Amino acid sequence: MGKEKVTIQDIADALGISRNTASKALNGSDSIPDETRNRVIKKAIELKYKQFAYMETESLMPKNPGNIALLTQNMPSMSHFGAKLISGLEQRISGEGYNLSIHIVRDIERSSLQLPNNFEASKVDGIICIELFDMAYSKLITSLGLPTIFIDCAADMSYPDLEADLLLMENEHSTYFMTKRLIEDGCGSLGFIGDYNHCKSFNERWAGFNRALVEAGIPLDRSQCVLEPDREFFSESDWMEQRLDKMQGTPSGFVCANDFIAVNVMKALKNRQIAIPEDIVVAGFDDAPESRIVEPRLTTVHIYSDEMGITAANMLLSRIKEPEQPYQVTHIQTKPLFRESTQAAR
């Protein structure tokens with residue numbers, strides 16, 4: 001009479017562990033240490049347990065840790081949505097056995113189209129780019145032929161030319177919705193503050209702002225906007241006050257490209273004894289911590305940063321596994337939040 005089929009209990013007995021532990025290891029439970037899981041799998045193959053009967057040990061053992069390189073010109077601060085995004089991303093890729101290495105691209109490297117000194121393409125499995133908005137440098141990165149995802153990108157980047165996956169928060173419709181709401185609630189004129197050529201996200205927010213004006217029949221008045229190149233913003237302590245002083249009157253409200261800009265605009269307005277929201281309303285974008293502590297609290301757009309990080313990781317891991325699949329351009333939902341800084345317009 002032949003030997004009965006191998007059971008999980010047989011594997012557990014052979015290793016001197018409980019049946020429950022052996023079962024969890026075979027089912028990929030996160031609660032089981034890798035070393036224990038490897039021992040269980042090896043024993044399952046050795047004893048020819050069910051689906052493991054025709055498998056090679058090497059095909060089931062975790063691979064050597066891979067490396068995902070994060071390239072950035074400006075490492076996001078703790079109040080920047082990118083900080084939480086990177087945290088969520090790192091947790092996801094570490095679960096797949098990848099380490100995250102961070103490489104800061106200096107201005108001299110960007111302008112000379114050189115990769116950071118500590119970056120070795122041969123030791124990288126995939127690349128994540130954040131806060132990297134230079135077209136020529138982006139093309140240098142994609143020319144390496146490595147799986148790459150950009151989290152936001154250059155404002156003038158044409159999607160067919162990117163040759164990489166792209167992830168953005170939803171920008172245009174949320175800004176359109178917020179601007180439309182301000183108009184419906186009484187704003188007869190609105191100005192935009194921010195360099196819409198800074199990055200694709202800012203460009204999409206500018207597009208949403210303009211779409212709301214067009215639909216409402218309100219002409220865009222550039223004299224009531226501050227659209228200078230991003231590098232000029234806050235180059236001097238009173239830079240924003242100087243721009244406001246040059247305006248021939250102020251609009252009913254300002255829609256700002258992000259919360260950092262909006263908070264500085266609010267400060268400049270207060271310095272000129274312009275009350276918010278009684279005299280003028282202000283809105284931002286990002287739902288940064290500052291937006292919730294500034295007085296009055298800032299109307300803004302919430303970004304689901306953790307979810308963006310996980311999505312970015314999933315997109316890159318998918319690209320590593322299937323490098324020939326079509327490139328993706330993905331937008332993650334955002335949520336307008338109306339607070340006291342626009343309350344007078346409601």
# chains A, B, ... in the order shown; residues from 1 in each chain; ligands from 1

call {"tool": "closest_atom_pairs", "arguments": {"of": "range 129-230 of chain A", "to": "range 279-295 of chain A", "cutoff": "12 Å", "atoms": "only C-alpha atoms", "output": "Markdown table"}}
result
| residue | atom | partner | partner_atom | distance |
| --- | --- | --- | --- | --- |
| A:Met169 | CA | A:Asp286 | CA | 9.6 |
| A:Glu170 | CA | A:Asp286 | CA | 10.9 |
| A:Asn171 | CA | A:Phe285 | CA | 8.9 |
| A:Glu172 | CA | A:Phe285 | CA | 11.2 |
| A:Ser174 | CA | A:Phe285 | CA | 9.3 |
| A:Thr175 | CA | A:Phe285 | CA | 8.2 |
| A:Tyr176 | CA | A:Phe285 | CA | 11.9 |
| A:Phe177 | CA | A:Ala283 | CA | 11.9 |
| A:Met178 | CA | A:Ala283 | CA | 8.3 |
| A:Thr179 | CA | A:Ala283 | CA | 8.8 |
| A:Arg181 | CA | A:Ala283 | CA | 11.2 |
| A:Leu182 | CA | A:Val281 | CA | 8.6 |
| A:Ile183 | CA | A:Val281 | CA | 11.1 |
| A:Asp185 | CA | A:Val281 | CA | 11.0 |
| A:Gly186 | CA | A:Val281 | CA | 10.5 |
| A:Cys187 | CA | A:Val281 | CA | 8.5 |
| A:Gly188 | CA | A:Ile280 | CA | 11.2 |
| A:Ser189 | CA | A:Ile280 | CA | 10.3 |
| A:Leu190 | CA | A:Val281 | CA | 9.3 |
| A:Gly191 | CA | A:Val282 | CA | 9.7 |
| A:Phe192 | CA | A:Ala283 | CA | 9.7 |
| A:Ile193 | CA | A:Gly284 | CA | 9.4 |
| A:Gly194 | CA | A:Gly284 | CA | 10.2 |
| A:Ser201 | CA | A:Phe285 | CA | 10.4 |
| A:Phe202 | CA | A:Phe285 | CA | 9.7 |
| A:Arg205 | CA | A:Phe285 | CA | 9.0 |
| A:Trp206 | CA | A:Phe285 | CA | 11.7 |
| A:Phe209 | CA | A:Ala283 | CA | 11.5 |

call {"tool": "write_last_selection", "arguments": {"atoms": "N, CA, C and O atoms", "output": "compact mmCIF listing (two decimals), in the first residue's frame"}}
result
# COMPACT_ATOMS: atom_id res chain seq x y z
N MET A 169 -1.53 63.96 -9.10
CA MET A 169 -2.79 64.15 -8.41
C MET A 169 -3.73 64.82 -9.41
O MET A 169 -3.29 65.45 -10.37
N GLU A 170 -5.05 64.67 -9.23
CA GLU A 170 -5.99 65.33 -10.13
C GLU A 170 -5.93 66.82 -9.84
O GLU A 170 -6.18 67.26 -8.73
N ASN A 171 -5.59 67.62 -10.84
CA ASN A 171 -5.36 69.05 -10.66
C ASN A 171 -6.42 69.93 -11.32
O ASN A 171 -6.94 70.86 -10.70
N GLU A 172 -6.70 69.64 -12.58
CA GLU A 172 -7.51 70.57 -13.36
C GLU A 172 -8.94 70.68 -12.87
O GLU A 172 -9.45 71.78 -12.62
N SER A 174 -10.36 69.76 -10.02
CA SER A 174 -10.52 70.23 -8.65
C SER A 174 -10.33 71.74 -8.57
O SER A 174 -11.07 72.43 -7.84
N THR A 175 -9.37 72.29 -9.32
CA THR A 175 -9.18 73.74 -9.34
C THR A 175 -10.34 74.42 -10.05
O THR A 175 -10.81 75.49 -9.62
N TYR A 176 -10.80 73.81 -11.12
CA TYR A 176 -11.99 74.32 -11.82
C TYR A 176 -13.20 74.37 -10.89
O TYR A 176 -13.90 75.38 -10.80
N PHE A 177 -13.41 73.28 -10.15
CA PHE A 177 -14.55 73.19 -9.24
C PHE A 177 -14.46 74.26 -8.15
O PHE A 177 -15.45 74.93 -7.83
N MET A 178 -13.26 74.42 -7.60
CA MET A 178 -13.07 75.39 -6.54
C MET A 178 -13.27 76.82 -7.05
O MET A 178 -13.94 77.64 -6.41
N THR A 179 -12.70 77.11 -8.24
CA THR A 179 -12.85 78.44 -8.83
C THR A 179 -14.30 78.72 -9.18
O THR A 179 -14.81 79.83 -8.92
N ARG A 181 -16.90 77.51 -7.77
CA ARG A 181 -17.63 77.73 -6.52
C ARG A 181 -17.44 79.16 -6.02
O ARG A 181 -18.39 79.81 -5.57
N LEU A 182 -16.23 79.68 -6.11
CA LEU A 182 -15.97 81.05 -5.67
C LEU A 182 -16.75 82.04 -6.52
O LEU A 182 -17.28 83.04 -6.01
N ILE A 183 -16.83 81.77 -7.82
CA ILE A 183 -17.58 82.65 -8.72
C ILE A 183 -19.07 82.60 -8.37
O ILE A 183 -19.74 83.64 -8.27
N ASP A 185 -20.36 81.98 -5.62
CA ASP A 185 -20.60 82.57 -4.30
C ASP A 185 -20.29 84.06 -4.23
O ASP A 185 -20.24 84.63 -3.14
N GLY A 186 -20.04 84.67 -5.38
CA GLY A 186 -19.95 86.12 -5.40
C GLY A 186 -18.68 86.75 -5.91
O GLY A 186 -18.60 87.98 -6.01
N CYS A 187 -17.65 85.98 -6.23
CA CYS A 187 -16.41 86.57 -6.73
C CYS A 187 -16.59 87.01 -8.19
O CYS A 187 -16.76 86.17 -9.08
N GLY A 188 -16.52 88.31 -8.44
CA GLY A 188 -16.68 88.81 -9.79
C GLY A 188 -15.39 88.91 -10.56
O GLY A 188 -15.39 89.05 -11.78
N SER A 189 -14.26 88.83 -9.85
CA SER A 189 -12.95 88.85 -10.49
C SER A 189 -12.00 87.99 -9.67
O SER A 189 -12.07 87.98 -8.44
N LEU A 190 -11.13 87.30 -10.37
CA LEU A 190 -10.20 86.39 -9.70
C LEU A 190 -8.83 86.47 -10.35
O LEU A 190 -8.72 86.57 -11.58
N GLY A 191 -7.79 86.39 -9.54
CA GLY A 191 -6.43 86.34 -10.04
C GLY A 191 -5.79 85.01 -9.68
O GLY A 191 -6.14 84.39 -8.68
N PHE A 192 -4.82 84.59 -10.48
CA PHE A 192 -4.07 83.35 -10.22
C PHE A 192 -2.66 83.73 -9.79
O PHE A 192 -2.04 84.61 -10.39
N ILE A 193 -2.16 83.07 -8.77
CA ILE A 193 -0.80 83.32 -8.31
C ILE A 193 0.00 82.02 -8.33
O ILE A 193 -0.34 81.06 -7.65
N GLY A 194 1.04 82.02 -9.16
CA GLY A 194 1.88 80.83 -9.30
C GLY A 194 2.42 80.75 -10.72
O GLY A 194 1.81 81.26 -11.67
N SER A 201 1.62 69.85 -12.90
CA SER A 201 0.52 70.05 -11.96
C SER A 201 0.07 71.50 -11.92
O SER A 201 -1.12 71.80 -11.97
N PHE A 202 1.03 72.42 -11.81
CA PHE A 202 0.69 73.84 -11.81
C PHE A 202 0.00 74.22 -13.12
O PHE A 202 -0.94 75.01 -13.13
N ARG A 205 -3.56 73.13 -13.03
CA ARG A 205 -4.35 73.97 -12.13
C ARG A 205 -4.69 75.31 -12.82
O ARG A 205 -5.81 75.81 -12.69
N TRP A 206 -3.73 75.84 -13.55
CA TRP A 206 -3.94 77.05 -14.33
C TRP A 206 -5.04 76.82 -15.37
O TRP A 206 -5.91 77.69 -15.58
N PHE A 209 -8.43 76.75 -13.64
CA PHE A 209 -8.79 78.11 -13.25
C PHE A 209 -9.37 78.87 -14.45
O PHE A 209 -10.44 79.50 -14.36

call {"tool": "select_by_dssp", "arguments": {"residues": "range 187-306 of chain A", "states": "helix (DSSP H, G or I)", "output": "PyMOL selection string"}}
result
chain A and resi 200-216+222-224+230-232+239-246+259-271+289-293+305-306

call {"tool": "write_last_selection", "arguments": {"atoms": "N, CA and C atoms", "output": "short mmCIF file (atom, residue, chain, number, x, y, z; two decimals), in the first residue's frame"}}
result
data_model
loop_
_atom_site.label_atom_id
_atom_site.label_comp_id
_atom_site.auth_asym_id
_atom_site.auth_seq_id
_atom_site.Cartn_x
_atom_site.Cartn_y
_atom_site.Cartn_z
N LYS A 200 3.90 70.26 -14.49
CA LYS A 200 2.64 69.85 -15.12
C LYS A 200 1.47 70.10 -14.19
N SER A 201 1.62 69.85 -12.90
CA SER A 201 0.52 70.05 -11.96
C SER A 201 0.07 71.50 -11.92
N PHE A 202 1.03 72.42 -11.81
CA PHE A 202 0.69 73.84 -11.81
C PHE A 202 0.00 74.22 -13.12
N ASN A 203 0.48 73.66 -14.22
CA ASN A 203 -0.09 73.95 -15.53
C ASN A 203 -1.54 73.48 -15.62
N GLU A 204 -1.82 72.32 -15.05
CA GLU A 204 -3.19 71.81 -15.06
C GLU A 204 -4.10 72.64 -14.15
N ARG A 205 -3.56 73.13 -13.03
CA ARG A 205 -4.35 73.97 -12.13
C ARG A 205 -4.69 75.31 -12.82
N TRP A 206 -3.73 75.84 -13.55
CA TRP A 206 -3.94 77.05 -14.33
C TRP A 206 -5.04 76.82 -15.37
N ALA A 207 -5.01 75.65 -16.02
CA ALA A 207 -6.03 75.33 -17.02
C ALA A 207 -7.42 75.24 -16.38
N GLY A 208 -7.51 74.63 -15.21
CA GLY A 208 -8.80 74.53 -14.53
C GLY A 208 -9.33 75.88 -14.11
N PHE A 209 -8.43 76.75 -13.64
CA PHE A 209 -8.79 78.11 -13.25
C PHE A 209 -9.37 78.87 -14.45
N ASN A 210 -8.68 78.79 -15.58
CA ASN A 210 -9.12 79.50 -16.77
C ASN A 210 -10.43 78.95 -17.33
N ARG A 211 -10.61 77.65 -17.24
CA ARG A 211 -11.85 77.05 -17.74
C ARG A 211 -13.05 77.58 -16.97
N ALA A 212 -12.90 77.73 -15.65
CA ALA A 212 -14.00 78.26 -14.84
C ALA A 212 -14.31 79.71 -15.22
N LEU A 213 -13.27 80.52 -15.48
CA LEU A 213 -13.48 81.90 -15.88
C LEU A 213 -14.21 81.97 -17.22
N VAL A 214 -13.77 81.17 -18.18
CA VAL A 214 -14.37 81.17 -19.51
C VAL A 214 -15.85 80.81 -19.43
N GLU A 215 -16.16 79.77 -18.69
CA GLU A 215 -17.56 79.33 -18.58
C GLU A 215 -18.44 80.40 -17.92
N ALA A 216 -17.85 81.18 -17.00
CA ALA A 216 -18.60 82.22 -16.31
C ALA A 216 -18.62 83.54 -17.08
N ARG A 222 -4.59 89.52 -16.55
CA ARG A 222 -3.24 89.14 -16.13
C ARG A 222 -2.61 90.18 -15.19
N SER A 223 -3.10 91.40 -15.24
CA SER A 223 -2.54 92.42 -14.35
C SER A 223 -2.90 92.14 -12.89
N GLN A 224 -3.88 91.27 -12.67
CA GLN A 224 -4.27 90.89 -11.31
C GLN A 224 -3.80 89.47 -10.98
N ASP A 230 9.04 80.53 -11.24
CA ASP A 230 9.00 80.03 -9.87
C ASP A 230 10.23 80.43 -9.06
N ARG A 231 11.38 80.49 -9.72
CA ARG A 231 12.61 80.80 -8.97
C ARG A 231 12.58 82.21 -8.36
N GLU A 232 11.70 83.09 -8.87
CA GLU A 232 11.63 84.45 -8.35
C GLU A 232 10.77 84.56 -7.09
N TRP A 239 8.86 90.28 -1.49
CA TRP A 239 8.63 90.09 -2.93
C TRP A 239 7.15 90.10 -3.27
N MET A 240 6.34 89.39 -2.48
CA MET A 240 4.91 89.32 -2.78
C MET A 240 4.24 90.67 -2.56
N GLU A 241 4.63 91.38 -1.51
CA GLU A 241 4.08 92.71 -1.28
C GLU A 241 4.38 93.63 -2.46
N GLN A 242 5.58 93.51 -3.03
CA GLN A 242 5.94 94.34 -4.18
C GLN A 242 5.02 94.05 -5.36
N ARG A 243 4.71 92.77 -5.58
CA ARG A 243 3.84 92.41 -6.71
C ARG A 243 2.41 92.92 -6.47
N LEU A 244 1.94 92.83 -5.25
CA LEU A 244 0.59 93.32 -4.94
C LEU A 244 0.52 94.83 -5.09
N ASP A 245 1.59 95.53 -4.72
CA ASP A 245 1.62 96.99 -4.83
C ASP A 245 1.54 97.45 -6.29
N LYS A 246 2.05 96.61 -7.19
CA LYS A 246 2.05 96.98 -8.61
C LYS A 246 0.68 96.77 -9.26
N ASP A 259 -0.42 75.69 -1.44
CA ASP A 259 -0.64 76.30 -0.13
C ASP A 259 0.53 77.17 0.32
N PHE A 260 1.74 76.76 -0.04
CA PHE A 260 2.92 77.53 0.34
C PHE A 260 2.81 78.95 -0.20
N ILE A 261 2.42 79.06 -1.47
CA ILE A 261 2.23 80.36 -2.08
C ILE A 261 1.06 81.09 -1.41
N ALA A 262 -0.05 80.37 -1.20
CA ALA A 262 -1.25 80.98 -0.62
C ALA A 262 -0.98 81.58 0.75
N VAL A 263 -0.24 80.86 1.59
CA VAL A 263 0.06 81.36 2.94
C VAL A 263 0.89 82.64 2.86
N ASN A 264 1.83 82.68 1.93
CA ASN A 264 2.63 83.89 1.75
C ASN A 264 1.81 85.05 1.19
N VAL A 265 0.85 84.74 0.33
CA VAL A 265 -0.05 85.77 -0.19
C VAL A 265 -0.89 86.33 0.96
N MET A 266 -1.40 85.45 1.82
CA MET A 266 -2.20 85.91 2.97
C MET A 266 -1.39 86.83 3.87
N LYS A 267 -0.13 86.49 4.09
CA LYS A 267 0.74 87.32 4.92
C LYS A 267 0.93 88.69 4.29
N ALA A 268 1.16 88.71 2.96
CA ALA A 268 1.36 89.98 2.26
C ALA A 268 0.10 90.84 2.29
N LEU A 269 -1.06 90.21 2.15
CA LEU A 269 -2.32 90.94 2.19
C LEU A 269 -2.55 91.55 3.58
N LYS A 270 -2.27 90.77 4.61
CA LYS A 270 -2.44 91.27 5.99
C LYS A 270 -1.51 92.44 6.26
N ASN A 271 -0.29 92.39 5.71
CA ASN A 271 0.67 93.49 5.88
C ASN A 271 0.17 94.77 5.22
N PRO A 289 -0.03 71.07 6.11
CA PRO A 289 -0.32 71.35 7.52
C PRO A 289 -0.54 72.84 7.80
N GLU A 290 0.21 73.70 7.09
CA GLU A 290 0.08 75.14 7.29
C GLU A 290 -1.32 75.64 6.95
N SER A 291 -1.99 74.97 6.02
CA SER A 291 -3.33 75.42 5.60
C SER A 291 -4.34 75.28 6.73
N ARG A 292 -4.04 74.40 7.70
CA ARG A 292 -4.99 74.16 8.79
C ARG A 292 -4.70 74.99 10.03
N ILE A 293 -3.51 75.65 10.07
CA ILE A 293 -3.17 76.43 11.26
C ILE A 293 -3.10 77.92 10.97
N SER A 305 -1.89 61.60 -0.33
CA SER A 305 -0.46 61.36 -0.53
C SER A 305 -0.06 59.90 -0.33
N ASP A 306 -0.54 59.27 0.74
CA ASP A 306 -0.19 57.87 1.00
C ASP A 306 -0.62 56.98 -0.16
#

call {"tool": "select_by_dssp", "arguments": {"residues": "range 153-332 of chain A", "states": "strand (DSSP E)", "output": "tab-separated table (two decimals) with C-alpha atoms, in the first residue's frame"}}
result
chain	number	residue	atom	x	y	z
A	165	ASP	CA	4.92	56.15	-16.56
A	166	LEU	CA	3.51	59.34	-15.06
A	167	LEU	CA	1.51	59.80	-11.87
A	168	LEU	CA	-0.20	63.06	-10.89
A	169	MET	CA	-2.79	64.15	-8.41
A	190	LEU	CA	-10.20	86.39	-9.70
A	191	GLY	CA	-6.43	86.34	-10.04
A	192	PHE	CA	-4.07	83.35	-10.22
A	193	ILE	CA	-0.80	83.32	-8.31
A	253	GLY	CA	-10.04	86.62	-4.74
A	254	PHE	CA	-6.80	84.80	-5.47
A	255	VAL	CA	-6.48	81.15	-6.48
A	256	CYS	CA	-2.92	80.05	-5.72
A	281	VAL	CA	-10.71	85.54	-0.48
A	282	VAL	CA	-7.72	83.20	-0.94
A	283	ALA	CA	-7.52	79.53	-1.96
A	300	THR	CA	-7.48	74.20	-0.42
A	301	VAL	CA	-7.49	70.84	-2.23
A	302	HIS	CA	-6.63	67.66	-0.34
A	303	ILE	CA	-4.09	65.27	-1.90
A	329	VAL	CA	-0.59	58.46	-17.30
A	330	THR	CA	-2.59	58.23	-14.07
A	331	HIS	CA	-4.36	60.89	-11.99
A	332	ILE	CA	-5.31	60.21	-8.38

call {"tool": "closest_residue", "arguments": {"among": "A:Leu316, A:Leu162, A:Ile17, A:Ile86", "to": "Ser143 in chain A", "atoms": "only C-alpha atoms"}}
result
A:Leu162

call {"tool": "closest_residue", "arguments": {"among": "A:Asp13, A:Glu35, A:Asp125, A:Glu46", "to": "Arg319 in chain A", "atoms": "only C-alpha atoms"}}
result
A:Asp125

call {"tool": "atom_distance", "arguments": {"atom1": "CA of Met315 in chain A", "atom2": "CA of Tyr327 in chain A"}}
result
9.7 Å

call {"tool": "residues_around", "arguments": {"residues": "Lys43 in chain A", "least_positions_apart": "6", "cutoff": "9 Å", "atoms": "only C-alpha atoms", "output": "list of chain:residue names"}}
result
A:Ile11, A:Ala14, A:Leu15, A:Tyr49

call {"tool": "write_last_selection", "arguments": {"atoms": "all heavy atoms", "output": "PDB file, in the first residue's frame"}}
result
ATOM      1  N   ILE A  11       4.856  18.290   7.085  1.00  0.00           N
ATOM      2  CA  ILE A  11       5.885  19.334   6.940  1.00  0.00           C
ATOM      3  C   ILE A  11       6.220  19.920   8.306  1.00  0.00           C
ATOM      4  O   ILE A  11       7.394  20.096   8.655  1.00  0.00           O
ATOM      5  CB  ILE A  11       5.394  20.441   5.984  1.00  0.00           C
ATOM      6  CG1 ILE A  11       5.149  19.871   4.585  1.00  0.00           C
ATOM      7  CG2 ILE A  11       6.395  21.592   5.931  1.00  0.00           C
ATOM      8  CD1 ILE A  11       4.462  20.834   3.639  1.00  0.00           C
ATOM      9  N   ALA A  14       8.258  17.513  10.401  1.00  0.00           N
ATOM     10  CA  ALA A  14       9.632  17.376   9.914  1.00  0.00           C
ATOM     11  C   ALA A  14      10.508  18.550  10.354  1.00  0.00           C
ATOM     12  O   ALA A  14      11.720  18.401  10.523  1.00  0.00           O
ATOM     13  CB  ALA A  14       9.635  17.261   8.388  1.00  0.00           C
ATOM     14  N   LEU A  15       9.885  19.688  10.558  1.00  0.00           N
ATOM     15  CA  LEU A  15      10.634  20.886  10.931  1.00  0.00           C
ATOM     16  C   LEU A  15      10.547  21.201  12.420  1.00  0.00           C
ATOM     17  O   LEU A  15      11.221  22.106  12.906  1.00  0.00           O
ATOM     18  CB  LEU A  15      10.134  22.092  10.125  1.00  0.00           C
ATOM     19  CG  LEU A  15      10.367  22.041   8.611  1.00  0.00           C
ATOM     20  CD1 LEU A  15       9.635  23.195   7.935  1.00  0.00           C
ATOM     21  CD2 LEU A  15      11.849  22.097   8.290  1.00  0.00           C
ATOM     22  N   TYR A  49       4.951  18.242  -1.631  1.00  0.00           N
ATOM     23  CA  TYR A  49       3.623  18.577  -1.135  1.00  0.00           C
ATOM     24  C   TYR A  49       2.844  19.339  -2.205  1.00  0.00           C
ATOM     25  O   TYR A  49       3.233  20.427  -2.638  1.00  0.00           O
ATOM     26  CB  TYR A  49       3.740  19.415   0.135  1.00  0.00           C
ATOM     27  CG  TYR A  49       2.427  19.998   0.621  1.00  0.00           C
ATOM     28  CD1 TYR A  49       1.446  19.162   1.164  1.00  0.00           C
ATOM     29  CD2 TYR A  49       2.167  21.356   0.529  1.00  0.00           C
ATOM     30  CE1 TYR A  49       0.245  19.692   1.613  1.00  0.00           C
ATOM     31  CE2 TYR A  49       0.970  21.895   0.982  1.00  0.00           C
ATOM     32  CZ  TYR A  49       0.004  21.053   1.520  1.00  0.00           C
ATOM     33  OH  TYR A  49      -1.190  21.570   1.947  1.00  0.00           O
TER      34      TYR A  49
END

call {"tool": "residues_around", "arguments": {"residues": "Gly82 in chain A", "least_positions_apart": "5", "cutoff": "10 Å", "atoms": "only C-alpha atoms", "output": "PyMOL selection string"}}
result
chain A and resi 75-77+87-88+130-131+151+303+305-306+308-309

call {"tool": "write_last_selection", "arguments": {"atoms": "N, CA, C and O atoms", "output": "PDB file, in the first residue's frame"}}
result
ATOM      1  N   MET A  75      14.490  67.614  -2.187  1.00  0.00           N
ATOM      2  CA  MET A  75      13.887  66.621  -1.304  1.00  0.00           C
ATOM      3  C   MET A  75      12.692  67.253  -0.602  1.00  0.00           C
ATOM      4  O   MET A  75      12.826  68.288   0.051  1.00  0.00           O
ATOM      5  N   PRO A  76      11.486  66.663  -0.752  1.00  0.00           N
ATOM      6  CA  PRO A  76      10.293  67.268  -0.154  1.00  0.00           C
ATOM      7  C   PRO A  76      10.416  67.459   1.349  1.00  0.00           C
ATOM      8  O   PRO A  76      10.897  66.587   2.065  1.00  0.00           O
ATOM      9  N   SER A  77       9.979  68.632   1.829  1.00  0.00           N
ATOM     10  CA  SER A  77       9.961  68.897   3.262  1.00  0.00           C
ATOM     11  C   SER A  77       8.821  68.127   3.902  1.00  0.00           C
ATOM     12  O   SER A  77       7.968  67.561   3.217  1.00  0.00           O
ATOM     13  N   SER A  87       6.956  57.996   1.869  1.00  0.00           N
ATOM     14  CA  SER A  87       6.810  57.039   2.958  1.00  0.00           C
ATOM     15  C   SER A  87       5.937  55.858   2.538  1.00  0.00           C
ATOM     16  O   SER A  87       6.295  54.692   2.759  1.00  0.00           O
ATOM     17  N   GLY A  88       4.797  56.156   1.928  1.00  0.00           N
ATOM     18  CA  GLY A  88       3.910  55.087   1.471  1.00  0.00           C
ATOM     19  C   GLY A  88       4.556  54.246   0.390  1.00  0.00           C
ATOM     20  O   GLY A  88       4.420  53.017   0.355  1.00  0.00           O
ATOM     21  N   ILE A 130      10.743  62.617  -8.513  1.00  0.00           N
ATOM     22  CA  ILE A 130       9.816  63.534  -7.863  1.00  0.00           C
ATOM     23  C   ILE A 130      10.504  64.894  -7.740  1.00  0.00           C
ATOM     24  O   ILE A 130      11.711  64.960  -7.518  1.00  0.00           O
ATOM     25  N   GLU A 131       9.737  65.974  -7.932  1.00  0.00           N
ATOM     26  CA  GLU A 131      10.302  67.318  -7.903  1.00  0.00           C
ATOM     27  C   GLU A 131      11.447  67.431  -8.911  1.00  0.00           C
ATOM     28  O   GLU A 131      12.508  67.994  -8.621  1.00  0.00           O
ATOM     29  N   ILE A 151       6.616  61.315 -10.838  1.00  0.00           N
ATOM     30  CA  ILE A 151       5.516  61.851 -10.043  1.00  0.00           C
ATOM     31  C   ILE A 151       5.521  63.344 -10.315  1.00  0.00           C
ATOM     32  O   ILE A 151       6.358  64.080  -9.801  1.00  0.00           O
ATOM     33  N   ILE A 303      -4.782  66.287  -1.095  1.00  0.00           N
ATOM     34  CA  ILE A 303      -4.092  65.272  -1.898  1.00  0.00           C
ATOM     35  C   ILE A 303      -3.974  64.002  -1.068  1.00  0.00           C
ATOM     36  O   ILE A 303      -3.536  64.054   0.080  1.00  0.00           O
ATOM     37  N   SER A 305      -1.890  61.596  -0.333  1.00  0.00           N
ATOM     38  CA  SER A 305      -0.457  61.358  -0.526  1.00  0.00           C
ATOM     39  C   SER A 305      -0.063  59.897  -0.334  1.00  0.00           C
ATOM     40  O   SER A 305       0.704  59.340  -1.134  1.00  0.00           O
ATOM     41  N   ASP A 306      -0.542  59.269   0.745  1.00  0.00           N
ATOM     42  CA  ASP A 306      -0.187  57.871   0.998  1.00  0.00           C
ATOM     43  C   ASP A 306      -0.618  56.983  -0.162  1.00  0.00           C
ATOM     44  O   ASP A 306       0.142  56.117  -0.627  1.00  0.00           O
ATOM     45  N   MET A 308      -1.134  57.875  -3.202  1.00  0.00           N
ATOM     46  CA  MET A 308      -0.310  58.151  -4.378  1.00  0.00           C
ATOM     47  C   MET A 308       1.010  57.392  -4.304  1.00  0.00           C
ATOM     48  O   MET A 308       1.503  56.886  -5.317  1.00  0.00           O
ATOM     49  N   GLY A 309       1.588  57.319  -3.104  1.00  0.00           N
ATOM     50  CA  GLY A 309       2.836  56.587  -2.949  1.00  0.00           C
ATOM     51  C   GLY A 309       2.684  55.111  -3.256  1.00  0.00           C
ATOM     52  O   GLY A 309       3.520  54.507  -3.947  1.00  0.00           O
TER      53      GLY A 309
END

call {"tool": "atom_distance", "arguments": {"atom1": "CA of Val105 in chain A", "atom2": "CA of Cys153 in chain A"}}
result
14.8 Å

call {"tool": "residues_around", "arguments": {"residues": "Gly66 in chain A", "least_positions_apart": "4", "cutoff": "9 Å", "atoms": "only C-alpha atoms", "output": "compact mmCIF listing (two decimals) with C-alpha atoms, in the first residue's frame"}}
result
# COMPACT_ATOMS: atom_id res chain seq x y z
CA GLU A 96 8.59 43.30 -2.38
CA GLY A 97 12.24 43.11 -1.35
CA TYR A 98 13.43 46.44 -2.78
CA ASN A 99 15.52 49.07 -1.05
CA LEU A 100 15.01 52.76 -1.77
CA LYS A 123 22.72 48.56 -9.78
CA VAL A 124 19.23 50.02 -10.23
CA ASP A 125 16.05 48.08 -11.02
CA GLY A 126 13.75 51.07 -11.35

call {"tool": "closest_residue", "arguments": {"among": "A:Lys139, A:Arg106, A:Arg37, A:Lys321", "to": "Asn74 in chain A", "atoms": "only C-alpha atoms"}}
result
A:Arg106

call {"tool": "closest_residue", "arguments": {"among": "A:Glu163, A:Glu307, A:Glu340, A:Asp10", "to": "Ile141 in chain A", "atoms": "only C-alpha atoms"}}
result
A:Glu163

call {"tool": "residues_around", "arguments": {"residues": "Ser101 in chain A", "least_positions_apart": "2", "cutoff": "8 Å", "atoms": "only C-alpha atoms", "output": "NGL selection string"}}
result
:A and (67-70 or 99 or 103)

call {"tool": "closest_residue", "arguments": {"among": "A:Thr299, A:Gln114, A:Ser237, A:Ser252", "to": "Ser138 in chain A", "atoms": "only C-alpha atoms"}}
result
A:Gln114
